[in-house]
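Containing mmCIF, C-alpha atoms: protein05.cif.
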data_run
loop_
_atom_site.group_PDB
_atom_site.id
_atom_site.type_symbol
_atom_site.label_atom_id
_atom_site.label_comp_id
_atom_site.auth_asym_id
_atom_site.auth_seq_id
_atom_site.Cartn_x
_atom_site.Cartn_y
_atom_site.Cartn_z
ATOM 1 C CA MET A 1 89.451 135.235 105.831
ATOM 2 C CA PRO A 2 87.093 135.054 102.827
ATOM 3 C CA ASN A 3 88.198 134.370 99.296
ATOM 4 C CA SER A 4 89.287 137.418 97.329
ATOM 5 C CA PHE A 5 88.917 137.893 93.602
ATOM 6 C CA ILE A 6 90.576 140.283 91.187
ATOM 7 C CA LEU A 7 88.742 139.938 87.909
ATOM 8 C CA LEU A 8 89.765 141.346 84.548
ATOM 9 C CA THR A 9 87.095 141.786 81.908
ATOM 10 C CA GLY A 10 86.959 143.299 78.460
ATOM 11 C CA MET A 11 86.449 142.520 74.811
ATOM 12 C CA PRO A 12 88.534 139.780 73.175
ATOM 13 C CA GLY A 13 91.991 141.038 72.234
ATOM 14 C CA CYS A 14 92.011 143.962 74.675
ATOM 15 C CA GLY A 15 95.005 142.662 76.652
ATOM 16 C CA LYS A 16 93.621 140.685 79.599
ATOM 17 C CA THR A 17 95.947 137.717 79.106
ATOM 18 C CA THR A 18 98.901 140.016 78.472
ATOM 19 C CA ILE A 19 98.243 141.713 81.822
ATOM 20 C CA ILE A 20 97.962 138.316 83.556
ATOM 21 C CA LYS A 21 101.278 137.146 82.100
ATOM 22 C CA ARG A 22 102.983 140.445 82.958
ATOM 23 C CA ILE A 23 101.740 140.273 86.557
ATOM 24 C CA VAL A 24 102.913 136.673 86.967
ATOM 25 C CA ASP A 25 106.336 137.549 85.521
ATOM 26 C CA GLU A 26 106.696 140.554 87.831
ATOM 27 C CA LEU A 27 105.604 138.616 90.923
ATOM 28 C CA LYS A 28 108.105 135.855 90.154
ATOM 29 C CA LYS A 29 110.853 138.392 89.447
ATOM 30 C CA ASN A 30 110.179 139.860 92.897
ATOM 31 C CA GLY A 31 110.492 136.443 94.545
ATOM 32 C CA ASN A 32 106.826 135.485 94.835
ATOM 33 C CA ASN A 33 106.701 131.937 93.485
ATOM 34 C CA ASN A 34 103.569 130.979 95.395
ATOM 35 C CA ILE A 35 101.494 131.181 92.217
ATOM 36 C CA LYS A 36 99.661 128.449 90.334
ATOM 37 C CA GLY A 37 97.150 128.241 87.538
ATOM 38 C CA PHE A 38 96.943 128.739 83.807
ATOM 39 C CA TYR A 39 96.405 131.175 80.975
ATOM 40 C CA THR A 40 94.906 130.828 77.522
ATOM 41 C CA ARG A 41 96.589 131.816 74.273
ATOM 42 C CA GLU A 42 95.209 132.066 70.764
ATOM 43 C CA CYS A 43 96.602 129.807 68.055
ATOM 44 C CA ARG A 44 96.986 131.313 64.598
ATOM 45 C CA ASN A 45 97.903 129.831 61.246
ATOM 46 C CA SER A 46 100.528 131.241 58.873
ATOM 47 C CA SER A 47 97.913 133.633 57.412
ATOM 48 C CA GLY A 48 97.223 135.068 60.852
ATOM 49 C CA GLU A 49 93.771 133.522 61.160
ATOM 50 C CA ARG A 50 92.806 132.290 64.616
ATOM 51 C CA THR A 51 92.539 128.502 64.579
ATOM 52 C CA GLY A 52 91.981 127.801 68.256
ATOM 53 C CA PHE A 53 93.180 128.241 71.814
ATOM 54 C CA ASP A 54 95.817 126.550 73.958
ATOM 55 C CA ILE A 55 96.090 126.337 77.743
ATOM 56 C CA PHE A 56 99.492 127.014 79.318
ATOM 57 C CA THR A 57 100.079 126.250 82.983
ATOM 58 C CA LEU A 58 102.370 128.448 85.045
ATOM 59 C CA ASP A 59 104.625 125.443 85.606
ATOM 60 C CA GLY A 60 105.255 124.959 81.895
ATOM 61 C CA SER A 61 102.739 122.421 80.574
ATOM 62 C CA SER A 62 100.354 123.053 77.701
ATOM 63 C CA THR A 63 97.462 121.465 75.853
ATOM 64 C CA ALA A 64 94.881 122.349 73.225
ATOM 65 C CA LEU A 65 91.669 123.832 74.593
ATOM 66 C CA ALA A 66 89.885 124.323 71.275
ATOM 67 C CA ARG A 67 90.419 124.090 67.538
ATOM 68 C CA ILE A 68 88.398 125.019 64.479
ATOM 69 C CA SER A 69 86.173 122.184 63.383
ATOM 70 C CA SER A 70 87.567 120.352 60.397
ATOM 71 C CA PRO A 71 87.399 116.832 58.997
ATOM 72 C CA THR A 72 90.914 116.135 60.295
ATOM 73 C CA SER A 73 90.573 117.724 63.729
ATOM 74 C CA LYS A 74 89.968 115.712 66.860
ATOM 75 C CA SER A 75 86.214 115.514 67.381
ATOM 76 C CA SER A 76 84.394 116.888 70.373
ATOM 77 C CA SER A 77 80.765 117.048 71.397
ATOM 78 C CA TYR A 78 81.422 120.506 72.875
ATOM 79 C CA LYS A 79 81.451 123.471 70.545
ATOM 80 C CA VAL A 80 81.588 127.244 70.803
ATOM 81 C CA GLY A 81 80.956 128.733 67.383
ATOM 82 C CA LYS A 82 83.347 127.059 64.967
ATOM 83 C CA TYR A 83 85.579 125.622 67.707
ATOM 84 C CA ASN A 84 85.709 122.068 69.065
ATOM 85 C CA VAL A 85 86.353 122.320 72.814
ATOM 86 C CA TYR A 86 88.479 119.566 74.373
ATOM 87 C CA VAL A 87 86.996 119.359 77.852
ATOM 88 C CA SER A 88 88.841 116.235 79.036
ATOM 89 C CA ASP A 89 92.222 117.675 77.965
ATOM 90 C CA PHE A 90 91.391 120.905 79.804
ATOM 91 C CA GLU A 91 90.354 119.043 82.953
ATOM 92 C CA GLY A 92 93.435 116.830 82.863
ATOM 93 C CA MET A 93 95.675 119.874 82.682
ATOM 94 C CA CYS A 94 93.947 122.372 84.978
ATOM 95 C CA MET A 95 91.758 120.781 87.627
ATOM 96 C CA LYS A 96 94.669 119.988 89.947
ATOM 97 C CA TYR A 97 95.183 123.735 90.433
ATOM 98 C CA LEU A 98 91.564 124.400 91.275
ATOM 99 C CA GLU A 99 91.126 121.474 93.642
ATOM 100 C CA SER A 100 94.084 122.128 95.945
ATOM 101 C CA HIS A 101 93.854 125.194 98.141
ATOM 102 C CA ASP A 102 97.328 125.753 99.522
ATOM 103 C CA GLY A 103 97.471 129.532 99.947
ATOM 104 C CA SER A 104 98.877 130.179 96.475
ATOM 105 C CA LEU A 105 97.651 132.931 94.232
ATOM 106 C CA LEU A 106 95.406 131.107 91.763
ATOM 107 C CA VAL A 107 95.505 132.438 88.190
ATOM 108 C CA ILE A 108 92.569 131.458 85.964
ATOM 109 C CA ASP A 109 92.562 132.788 82.413
ATOM 110 C CA GLU A 110 89.681 132.425 81.667
ATOM 111 C CA ILE A 111 86.346 131.602 83.266
ATOM 112 C CA GLY A 112 84.294 131.502 80.083
ATOM 113 C CA LYS A 113 81.992 129.441 77.895
ATOM 114 C CA MET A 114 84.637 126.966 76.752
ATOM 115 C CA GLU A 115 85.968 126.270 80.244
ATOM 116 C CA LEU A 116 82.475 126.053 81.733
ATOM 117 C CA PHE A 117 81.657 123.033 79.549
ATOM 118 C CA SER A 118 83.639 121.244 82.256
ATOM 119 C CA LYS A 119 81.263 120.467 85.105
ATOM 120 C CA LYS A 120 84.299 119.851 87.353
ATOM 121 C CA PHE A 121 85.615 123.337 86.563
ATOM 122 C CA GLU A 122 82.179 124.895 87.080
ATOM 123 C CA THR A 123 81.801 123.144 90.443
ATOM 124 C CA ALA A 124 85.253 124.300 91.570
ATOM 125 C CA VAL A 125 84.468 127.922 90.667
ATOM 126 C CA LYS A 126 81.081 127.710 92.420
ATOM 127 C CA ASN A 127 82.859 126.388 95.514
ATOM 128 C CA PHE A 128 85.148 129.438 95.487
ATOM 129 C CA LEU A 129 82.027 131.549 96.007
ATOM 130 C CA LYS A 130 80.806 129.451 98.951
ATOM 131 C CA ILE A 131 83.829 128.538 101.029
ATOM 132 C CA ASP A 132 86.048 130.828 103.048
ATOM 133 C CA ASN A 133 89.579 129.506 102.943
ATOM 134 C CA ASN A 134 91.604 132.617 102.146
ATOM 135 C CA LEU A 135 91.935 131.732 98.481
ATOM 136 C CA LYS A 136 93.294 134.565 96.362
ATOM 137 C CA ILE A 137 92.235 134.516 92.716
ATOM 138 C CA LEU A 138 93.316 136.537 89.698
ATOM 139 C CA ALA A 139 91.011 135.660 86.808
ATOM 140 C CA THR A 140 89.631 136.856 83.514
ATOM 141 C CA VAL A 141 85.939 136.787 82.699
ATOM 142 C CA PRO A 142 84.068 137.757 79.528
ATOM 143 C CA LEU A 143 82.658 141.260 79.317
ATOM 144 C CA LYS A 144 79.472 140.076 77.676
ATOM 145 C CA ALA A 145 78.231 136.710 78.824
ATOM 146 C CA ASN A 146 74.783 135.616 79.768
ATOM 147 C CA ILE A 147 76.118 133.165 82.339
ATOM 148 C CA ASN A 148 74.829 133.267 85.913
ATOM 149 C CA LEU A 149 78.103 132.060 87.468
ATOM 150 C CA ILE A 150 80.096 134.833 85.805
ATOM 151 C CA ASP A 151 77.573 137.402 87.028
ATOM 152 C CA GLN A 152 77.904 135.969 90.550
ATOM 153 C CA LEU A 153 81.681 136.332 90.371
ATOM 154 C CA LYS A 154 81.505 139.896 89.066
ATOM 155 C CA ASN A 155 79.076 140.856 91.848
ATOM 156 C CA HIS A 156 80.773 138.973 94.696
ATOM 157 C CA LYS A 157 81.363 141.163 97.743
ATOM 158 C CA ASN A 158 85.088 140.329 97.743
ATOM 159 C CA ALA A 159 85.629 140.892 94.013
ATOM 160 C CA ARG A 160 87.335 143.829 92.332
ATOM 161 C CA LEU A 161 86.429 144.068 88.667
ATOM 162 C CA TYR A 162 88.695 145.862 86.199
ATOM 163 C CA HIS A 163 87.394 146.668 82.733
ATOM 164 C CA ILE A 164 90.346 146.448 80.336
ATOM 165 C CA THR A 165 90.351 148.270 77.002
ATOM 166 C CA LYS A 166 93.051 148.734 74.396
ATOM 167 C CA SER A 167 93.276 152.393 75.426
ATOM 168 C CA ASN A 168 93.543 151.845 79.222
ATOM 169 C CA ARG A 169 95.442 148.553 79.487
ATOM 170 C CA ASP A 170 98.862 150.108 80.041
ATOM 171 C CA GLU A 171 97.771 152.695 82.597
ATOM 172 C CA ILE A 172 95.464 150.361 84.550
ATOM 173 C CA TYR A 173 98.209 147.758 85.012
ATOM 174 C CA ALA A 174 99.779 149.549 88.007
ATOM 175 C CA GLU A 175 96.418 149.807 89.744
ATOM 176 C CA ILE A 176 95.725 146.095 89.250
ATOM 177 C CA TYR A 177 99.202 145.115 90.403
ATOM 178 C CA GLU A 178 98.910 147.258 93.541
ATOM 179 C CA ALA A 179 95.495 145.760 94.385
ATOM 180 C CA LEU A 180 96.910 142.290 93.858
ATOM 181 C CA GLN A 181 99.885 143.000 96.139
ATOM 182 C CA LYS A 182 97.478 144.141 98.879
ATOM 183 C CA MET A 183 95.352 141.026 98.379
ATOM 184 C CA ILE A 184 98.371 138.728 98.576
ATOM 185 C CA SER A 185 99.725 140.353 101.733
ATOM 186 C CA SER A 186 96.390 140.306 103.608
#

Encoded form (structure tokens):
Amino acid sequence: MPNSFILLTGMPGCGKTTIIKRIVDELKKNGNNNIKGFYTRECRNSSGERTGFDIFTLDGSSTALARISSPTSKSSSYKVGKYNVYVSDFEGMCMKYLESHDGSLLVIDEIGKMELFSKKFETAVKNFLKIDNNLKILATVPLKANINLIDQLKNHKNARLYHITKSNRDEIYAEIYEALQKMISS
């Protein structure tokens, strides 16, 4: 059976990660523990300003993905806007999930510019498009990105793309969850 993709897209802050976390919690509550992967969460300072992003794995580990450039921050040759992106930390935390295909639901939040600085990550995602090994993927992708790989994912014959907005995120959840349940059981 070919790989299947459920992709969530939308503007930053629309609720994609919240939906991912809610789905994972509900699946686990219903006894489905055959889930692996990671999600991304914003880091904010005491004034509420976003200072970066952290990666959290579904098995409880975490690491910094990116931080605002500053004289005291860890340096990186990878940058998106004002953020230093820590590619080696990301790879060390997340590649094990992408390289082992054991029938689990694979959660990837997100396939975006920061993550795609990792050539290992990019290669793994490209391989998902080529190989048929019954991999089931729930992922987030940017709404607006001029990145060929993201366009390929969005247009893949086995992908279902859901556009999340602040106004539809609560009502679309049930539809996404139902589609995911069908994907998992196939």

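With distances taken over all atoms listed in the file, A:Asp102 is the one residue among A:Ser77, A:Leu27, A:Asp102, A:Ser167 lying closest to Leu135 of chain A.
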
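Distances from A:Val24, A:Ile35, A:Lys79, A:Glu115 to Ile55 of chain A were compared using all atoms listed in the file, and the smallest one belongs to A:Glu115.
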
*Exercise: Glu26 of chain A partners within 12 Å, all atoms listed in the file, chain neighbours under 3 positions left out, as an MDAnalysis selection string*: chainID A and resid 19:23 29:33 35 173:174 177:178 180:181

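Residues lying at most 12 Å from (83.1, 127.1, 90.9) in file coordinates, with all atoms listed in the file considered, are A:Met95, A:Leu98, A:Glu99, A:Ile108, A:Ile111, A:Gly112, A:Glu115, A:Leu116, A:Ser118, A:Lys119, A:Lys120, A:Phe121, A:Glu122, A:Thr123, A:Ala124, A:Val125, A:Lys126, A:Asn127, A:Phe128, A:Leu129, A:Lys130, A:Ile131, A:Ile137, A:Asn148, A:Leu149, A:Ile150, A:Gln152, A:Leu153.
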
Selected residues written out, C-alpha atoms, as a compact mmCIF listing (two decimals), in the frame of the given file:
# COMPACT_ATOMS: atom_id res chain seq x y z
CA MET A 95 91.76 120.78 87.63
CA LEU A 98 91.56 124.40 91.28
CA GLU A 99 91.13 121.47 93.64
CA ILE A 108 92.57 131.46 85.96
CA ILE A 111 86.35 131.60 83.27
CA GLY A 112 84.29 131.50 80.08
CA GLU A 115 85.97 126.27 80.24
CA LEU A 116 82.48 126.05 81.73
CA SER A 118 83.64 121.24 82.26
CA LYS A 119 81.26 120.47 85.10
CA LYS A 120 84.30 119.85 87.35
CA PHE A 121 85.62 123.34 86.56
CA GLU A 122 82.18 124.90 87.08
CA THR A 123 81.80 123.14 90.44
CA ALA A 124 85.25 124.30 91.57
CA VAL A 125 84.47 127.92 90.67
CA LYS A 126 81.08 127.71 92.42
CA ASN A 127 82.86 126.39 95.51
CA PHE A 128 85.15 129.44 95.49
CA LEU A 129 82.03 131.55 96.01
CA LYS A 130 80.81 129.45 98.95
CA ILE A 131 83.83 128.54 101.03
CA ILE A 137 92.24 134.52 92.72
CA ASN A 148 74.83 133.27 85.91
CA LEU A 149 78.10 132.06 87.47
CA ILE A 150 80.10 134.83 85.80
CA GLN A 152 77.90 135.97 90.55
CA LEU A 153 81.68 136.33 90.37

*At what distance in Å, to one decimal, does atom CA of Asn168 of chain A lie from atom CA of Arg50 of chain A?*
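Computing the Euclidean distance for atom CA of Arg50 of chain A and atom CA of Asn168 of chain A yields 24.4 Å.
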
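Relative to atom CA of Arg44 of chain A, atom CA of Gly15 of chain A is found at 16.7 Å.
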
_Between atom CA of Phe56 of chain A and atom CA of Arg41 of chain A, what distance in Å does the model show, to one decimal?_
7.5 Å

*Looking at all atoms listed in the file, which of A:Asn134, A:Thr18, A:Ser88, A:Thr40 is the one that sits closest to Ile164 of chain A?*
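Between A:Asn134, A:Thr18, A:Ser88, A:Thr40, the residue approaching Ile164 of chain A most closely is A:Thr18.
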
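When the PyMOL selection byres ((chain A and resi 69) around 6) is evaluated against the file, it yields Ile68, Ser70, Lys82, Tyr83 and Asn84 of chain A.
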
*Take the point (98.1, 133.9, 91.0) in the file's coordinates, draw a sphere of radius 7 Å around it, and report as a ChimeraX atom specification every protein, DNA or RNA residue with an atom inside or on it, counting only C-alpha atoms.*
/A:24,35-37,104-107,137-138

Just-selected residues, C-alpha atoms written as a tab-separated table (two decimals), keeping the file's coordinate frame:
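Result file again_35.tsv:
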chain	number	residue	atom	x	y	z
A	24	VAL	CA	102.91	136.67	86.97
A	35	ILE	CA	101.49	131.18	92.22
A	36	LYS	CA	99.66	128.45	90.33
A	37	GLY	CA	97.15	128.24	87.54
A	104	SER	CA	98.88	130.18	96.48
A	105	LEU	CA	97.65	132.93	94.23
A	106	LEU	CA	95.41	131.11	91.76
A	107	VAL	CA	95.50	132.44	88.19
A	137	ILE	CA	92.24	134.52	92.72
A	138	LEU	CA	93.32	136.54	89.70

*Considering all atoms listed in the file, state which residue in the set A:Val141, A:Leu161, A:Ile172, A:Met93 is at the smallest distance from Ser4 of chain A.*
A:Leu161

I would like the residues chosen by the PyMOL selection byres ((chain A and resi 5) around 8) on the shown file; could you give them as a PDB file with C-alpha atoms, in the frame of the given file?
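Wrote result22.pdb, looks like this:
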ATOM      1  CA  ASN A   3      88.198 134.370  99.296  1.00  0.00           C
ATOM      2  CA  SER A   4      89.287 137.418  97.329  1.00  0.00           C
ATOM      3  CA  ILE A   6      90.576 140.283  91.187  1.00  0.00           C
ATOM      4  CA  LEU A   7      88.742 139.938  87.909  1.00  0.00           C
ATOM      5  CA  LYS A 136      93.294 134.565  96.362  1.00  0.00           C
ATOM      6  CA  ILE A 137      92.235 134.516  92.716  1.00  0.00           C
ATOM      7  CA  LEU A 138      93.316 136.537  89.698  1.00  0.00           C
ATOM      8  CA  ALA A 139      91.011 135.660  86.808  1.00  0.00           C
ATOM      9  CA  ASN A 158      85.088 140.329  97.743  1.00  0.00           C
ATOM     10  CA  ALA A 159      85.629 140.892  94.013  1.00  0.00           C
ATOM     11  CA  ARG A 160      87.335 143.829  92.332  1.00  0.00           C
TER      12      ARG A 160
END

*Near Leu143 of chain A, counting all atoms listed in the file, which residues have an atom at most 8 Å away, once you skip same-chain residues fewer than 5 positions from it, shown as a VMD selection string?*
chain A and resid 9 to 11 163

*I would like the residues chosen by the PyMOL selection byres ((chain A and resi 53) around 6) on the shown file; could you give them as a count of residues only?*
7

My structure is short of atoms at segment 14-26 of chain A; please model N, CA and C atoms there, returning them as a compact mmCIF listing (two decimals), in the frame of the given file.
# COMPACT_ATOMS: atom_id res chain seq x y z
N CYS A 14 91.73 142.68 74.03
CA CYS A 14 92.01 143.96 74.68
C CYS A 14 93.27 143.93 75.53
N GLY A 15 93.78 142.73 75.87
CA GLY A 15 95.00 142.66 76.65
C GLY A 15 94.89 142.00 78.01
N LYS A 16 93.80 141.32 78.29
CA LYS A 16 93.62 140.68 79.60
C LYS A 16 94.71 139.64 79.87
N THR A 17 94.93 138.76 78.93
CA THR A 17 95.95 137.72 79.11
C THR A 17 97.34 138.32 79.19
N THR A 18 97.60 139.34 78.41
CA THR A 18 98.90 140.02 78.47
C THR A 18 99.14 140.59 79.86
N ILE A 19 98.12 141.18 80.46
CA ILE A 19 98.24 141.71 81.82
C ILE A 19 98.50 140.58 82.80
N ILE A 20 97.76 139.48 82.67
CA ILE A 20 97.96 138.32 83.56
C ILE A 20 99.41 137.85 83.48
N LYS A 21 99.91 137.64 82.27
CA LYS A 21 101.28 137.15 82.10
C LYS A 21 102.30 138.14 82.66
N ARG A 22 102.07 139.42 82.44
CA ARG A 22 102.98 140.44 82.96
C ARG A 22 103.00 140.45 84.48
N ILE A 23 101.83 140.32 85.09
CA ILE A 23 101.74 140.27 86.56
C ILE A 23 102.48 139.06 87.10
N VAL A 24 102.25 137.90 86.51
CA VAL A 24 102.91 136.67 86.97
C VAL A 24 104.43 136.83 86.84
N ASP A 25 104.89 137.35 85.71
CA ASP A 25 106.34 137.55 85.52
C ASP A 25 106.91 138.49 86.57
N GLU A 26 106.20 139.58 86.85
CA GLU A 26 106.70 140.55 87.83
C GLU A 26 106.70 139.98 89.25
